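Structure file entry_8.cif (mmCIF, C-alpha atoms, pLDDT in the B column; chains and numbers go by the auth columns) follows.
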```
data_start
#
loop_
_atom_site.group_PDB
_atom_site.id
_atom_site.type_symbol
_atom_site.label_atom_id
_atom_site.label_comp_id
_atom_site.label_asym_id
_atom_site.label_seq_id
_atom_site.Cartn_x
_atom_site.Cartn_y
_atom_site.Cartn_z
_atom_site.B_iso_or_equiv
_atom_site.auth_seq_id
_atom_site.auth_asym_id
ATOM 1 C CA MET A 1 274.601 38.037 222.907 61.00 219 L
ATOM 2 C CA ASP A 2 276.828 40.682 221.314 70.00 220 L
ATOM 3 C CA TYR A 3 275.666 43.476 219.019 76.00 221 L
ATOM 4 C CA LEU A 4 277.269 46.315 217.096 78.00 222 L
ATOM 5 C CA HIS A 5 276.702 49.232 219.440 75.00 223 L
ATOM 6 C CA ARG A 6 279.121 51.870 218.190 80.00 224 L
ATOM 7 C CA GLU A 7 277.683 53.949 215.372 88.00 225 L
ATOM 8 C CA GLN A 8 281.057 54.257 213.625 88.00 226 L
ATOM 9 C CA ASP A 9 281.342 50.445 213.493 85.00 227 L
ATOM 10 C CA LYS A 10 277.833 50.111 212.093 89.00 228 L
ATOM 11 C CA LYS A 11 278.439 52.796 209.471 92.00 229 L
ATOM 12 C CA ALA A 12 281.772 51.289 208.394 90.00 230 L
ATOM 13 C CA LEU A 13 280.247 47.832 208.031 92.00 231 L
ATOM 14 C CA ILE A 14 277.237 49.143 206.109 94.00 232 L
ATOM 15 C CA LEU A 15 279.521 51.085 203.742 94.00 233 L
ATOM 16 C CA ARG A 16 281.653 48.001 203.133 92.00 234 L
ATOM 17 C CA LEU A 17 278.551 45.924 202.395 95.00 235 L
ATOM 18 C CA LYS A 18 277.228 48.575 200.008 96.00 236 L
ATOM 19 C CA ARG A 19 280.511 48.382 198.093 95.00 237 L
ATOM 20 C CA VAL A 20 280.143 44.607 197.913 96.00 238 L
ATOM 21 C CA GLU A 21 276.584 45.084 196.680 97.00 239 L
ATOM 22 C CA GLY A 22 277.911 47.332 193.914 96.00 240 L
ATOM 23 C CA GLN A 23 280.546 44.762 193.024 96.00 241 L
ATOM 24 C CA MET A 24 277.890 42.076 192.745 96.00 242 L
ATOM 25 C CA ARG A 25 275.803 44.257 190.422 97.00 243 L
ATOM 26 C CA GLY A 26 278.940 44.668 188.335 96.00 244 L
ATOM 27 C CA VAL A 27 279.420 40.887 188.217 97.00 245 L
ATOM 28 C CA GLN A 28 275.826 40.448 187.104 97.00 246 L
ATOM 29 C CA ARG A 29 276.352 43.036 184.392 97.00 247 L
ATOM 30 C CA LEU A 30 279.508 41.270 183.196 97.00 248 L
ATOM 31 C CA ILE A 31 277.603 38.004 182.919 97.00 249 L
ATOM 32 C CA GLU A 32 274.712 39.659 181.085 98.00 250 L
ATOM 33 C CA GLU A 33 277.180 41.244 178.645 97.00 251 L
ATOM 34 C CA ASP A 34 278.913 37.901 178.000 97.00 252 L
ATOM 35 C CA ALA A 35 282.215 39.021 179.487 97.00 253 L
ATOM 36 C CA PRO A 36 285.074 36.504 179.522 98.00 254 L
ATOM 37 C CA CYS A 37 284.943 34.010 182.390 97.00 255 L
ATOM 38 C CA GLU A 38 288.289 35.253 183.702 97.00 256 L
ATOM 39 C CA ALA A 39 286.913 38.778 184.119 96.00 257 L
ATOM 40 C CA VAL A 40 283.869 37.442 185.960 97.00 258 L
ATOM 41 C CA ALA A 41 286.063 35.244 188.166 97.00 259 L
ATOM 42 C CA GLN A 42 288.323 38.185 189.010 97.00 260 L
ATOM 43 C CA GLN A 43 285.372 40.303 190.110 96.00 261 L
ATOM 44 C CA LEU A 44 283.824 37.444 192.099 96.00 262 L
ATOM 45 C CA SER A 45 287.136 36.953 193.856 95.00 263 L
ATOM 46 C CA ALA A 46 287.306 40.656 194.723 94.00 264 L
ATOM 47 C CA ALA A 47 283.746 40.578 196.076 95.00 265 L
ATOM 48 C CA ARG A 48 284.538 37.482 198.135 93.00 266 L
ATOM 49 C CA ARG A 49 287.577 39.198 199.646 91.00 267 L
ATOM 50 C CA ALA A 50 285.457 42.247 200.442 91.00 268 L
ATOM 51 C CA LEU A 51 282.893 40.052 202.200 92.00 269 L
ATOM 52 C CA ASP A 52 285.694 38.359 204.116 89.00 270 L
ATOM 53 C CA LYS A 53 286.927 41.762 205.267 88.00 271 L
ATOM 54 C CA ALA A 54 283.394 42.675 206.369 89.00 272 L
ATOM 55 C CA PHE A 55 283.238 39.447 208.363 88.00 273 L
ATOM 56 C CA HIS A 56 286.636 40.071 209.931 85.00 274 L
ATOM 57 C CA SER A 57 285.597 43.604 210.799 84.00 275 L
ATOM 58 C CA LEU A 58 282.563 42.221 212.588 86.00 276 L
ATOM 59 C CA VAL A 59 284.701 39.676 214.424 83.00 277 L
ATOM 60 C CA GLY A 60 287.084 42.510 215.325 80.00 278 L
ATOM 61 C CA CYS A 61 284.220 44.369 216.996 81.00 279 L
ATOM 62 C CA LEU A 62 283.388 41.246 218.972 80.00 280 L
ATOM 63 C CA ILE A 63 287.014 40.816 220.034 78.00 281 L
ATOM 64 C CA GLU A 64 287.220 44.444 221.059 77.00 282 L
ATOM 65 C CA SER A 65 284.045 44.124 223.086 75.00 283 L
ATOM 66 C CA ARG A 66 285.237 40.979 224.832 74.00 284 L
ATOM 67 C CA LEU A 67 288.751 42.277 225.527 72.00 285 L
ATOM 68 C CA SER A 68 287.382 45.535 226.882 72.00 286 L
ATOM 69 C CA ALA A 69 285.178 43.549 229.254 69.00 287 L
ATOM 70 C CA THR A 70 288.229 41.749 230.642 70.00 288 L
ATOM 71 C CA GLY A 71 290.005 45.025 231.360 70.00 289 L
ATOM 72 C CA ASN A 72 292.870 44.578 228.895 63.00 290 L
ATOM 73 C CA ALA A 73 294.690 47.750 227.947 60.00 291 L
ATOM 74 C CA PRO A 74 293.474 49.658 224.857 72.00 292 L
ATOM 75 C CA ALA A 75 296.904 49.205 223.234 75.00 293 L
ATOM 76 C CA GLU A 76 296.481 45.424 223.386 71.00 294 L
ATOM 77 C CA ILE A 77 293.030 45.677 221.845 72.00 295 L
ATOM 78 C CA LYS A 78 294.294 47.943 219.070 73.00 296 L
ATOM 79 C CA GLN A 79 297.179 45.578 218.310 78.00 297 L
ATOM 80 C CA ALA A 80 294.880 42.539 218.148 73.00 298 L
ATOM 81 C CA LEU A 81 292.523 44.329 215.755 73.00 299 L
ATOM 82 C CA GLU A 82 295.395 45.493 213.548 77.00 300 L
ATOM 83 C CA ILE A 83 296.685 41.935 213.257 79.00 301 L
ATOM 84 C CA LEU A 84 293.209 40.676 212.373 74.00 302 L
ATOM 85 C CA SER A 85 292.804 43.379 209.742 73.00 303 L
ATOM 86 C CA ARG A 86 296.282 42.896 208.264 77.00 304 L
ATOM 87 C CA TYR A 87 295.956 39.167 207.728 75.00 305 L
ATOM 88 C CA SER A 88 292.329 38.937 206.697 67.00 306 L
#
```

Transcribe the structure of this file into structure tokens.
Amino acid sequence: MDYLHREQDKKALILRLKRVEGQMRGVQRLIEEDAPCEAVAQQLSAARRALDKAFHSLVGCLIESRLSATGNAPAEIKQALEILSRYS
């Protein structure tokens, strides 16, 4: 089983999730204040994208861990993670 072992990865993921948490509080506030549906939808979409990025970041850590175990060069790992990040 794989885990997040690097502190910088843990901290980055926690910070991303805290931003999503803030976005969700903002969505709740919009709903409570009877904001237009389009504004709520826009913020929900942004939060969903942020969660997707958090997921892809986690998957990136897994990929890095697995590629490192196979002995692939660090440049190949970095390139794979950049592609994942760019298109997520």

From the list L:Lys296, L:Arg284, L:Arg304, L:Lys271, the nearest residue to Arg237 (chain L) using only C-alpha atoms is L:Lys271

Neighbour residues at most 10 Å from (283.6, 46.4, 220.3) (all atoms listed in the file) as an mmCIF file with C-alpha atoms, in the frame of the given file:
```
data_model
loop_
_atom_site.group_PDB
_atom_site.id
_atom_site.type_symbol
_atom_site.label_atom_id
_atom_site.label_comp_id
_atom_site.auth_asym_id
_atom_site.auth_seq_id
_atom_site.Cartn_x
_atom_site.Cartn_y
_atom_site.Cartn_z
ATOM 1 C CA ASP L 220 276.828 40.682 221.314
ATOM 2 C CA TYR L 221 275.666 43.476 219.019
ATOM 3 C CA LEU L 222 277.269 46.315 217.096
ATOM 4 C CA HIS L 223 276.702 49.232 219.440
ATOM 5 C CA ARG L 224 279.121 51.870 218.190
ATOM 6 C CA ASP L 227 281.342 50.445 213.493
ATOM 7 C CA LEU L 276 282.563 42.221 212.588
ATOM 8 C CA VAL L 277 284.701 39.676 214.424
ATOM 9 C CA GLY L 278 287.084 42.510 215.325
ATOM 10 C CA CYS L 279 284.220 44.369 216.996
ATOM 11 C CA LEU L 280 283.388 41.246 218.972
ATOM 12 C CA ILE L 281 287.014 40.816 220.034
ATOM 13 C CA GLU L 282 287.220 44.444 221.059
ATOM 14 C CA SER L 283 284.045 44.124 223.086
ATOM 15 C CA ARG L 284 285.237 40.979 224.832
ATOM 16 C CA LEU L 285 288.751 42.277 225.527
ATOM 17 C CA SER L 286 287.382 45.535 226.882
ATOM 18 C CA ALA L 287 285.178 43.549 229.254
ATOM 19 C CA ILE L 295 293.030 45.677 221.845
#
```

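Proximity to Leu233 (chain L) was assessed for L:Ser263, L:Ser275, L:Ala298, L:Thr288 counting all atoms listed in the file; the smallest distance is recorded for L:Ser275.
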
Pick out the closest residue to Glu239 (chain L) from this set: L:Leu269, L:Ile301, L:Ala259, L:Ala253. Count all atoms listed in the file.
-> L:Leu269

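Residues in contact with Val258 (chain L) at 10 Å, where all atoms listed in the file are counted and same-chain residues fewer than 5 positions away are skipped, are listed as Gly244, Val245, Gln246, Arg247, Leu248, Ile249, Asp252, Ala253, Ser263 and Ala264 of chain L.
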
Can you report as JSON the centre and edge lengths in Å, to one decimal, of an axis-aligned box around the listed atoms of region 228-239 of chain L padded with 3 Å on each side?
```
{"center_x": 279.2, "center_y": 48.7, "center_z": 204.4, "size_x": 11.2, "size_y": 14.2, "size_z": 21.4}
```

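Reported to one decimal place, the separation of CA of Arg243 (chain L) from CA of Ala265 (chain L) is 10.4 Å.
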
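With distances restricted to only C-alpha atoms, L:Val238 is the closest residue to Leu262 (chain L) from L:Ala230, L:Leu302, L:Ala293, L:Val238.
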
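Taking CA of His274 (chain L) and CA of Gln226 (chain L) as endpoints, the distance between them is 15.7 Å.
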
Hey, can you check how far CA of Phe273 (chain L) sits from CA of Leu231 (chain L)?
-> 8.9 Å
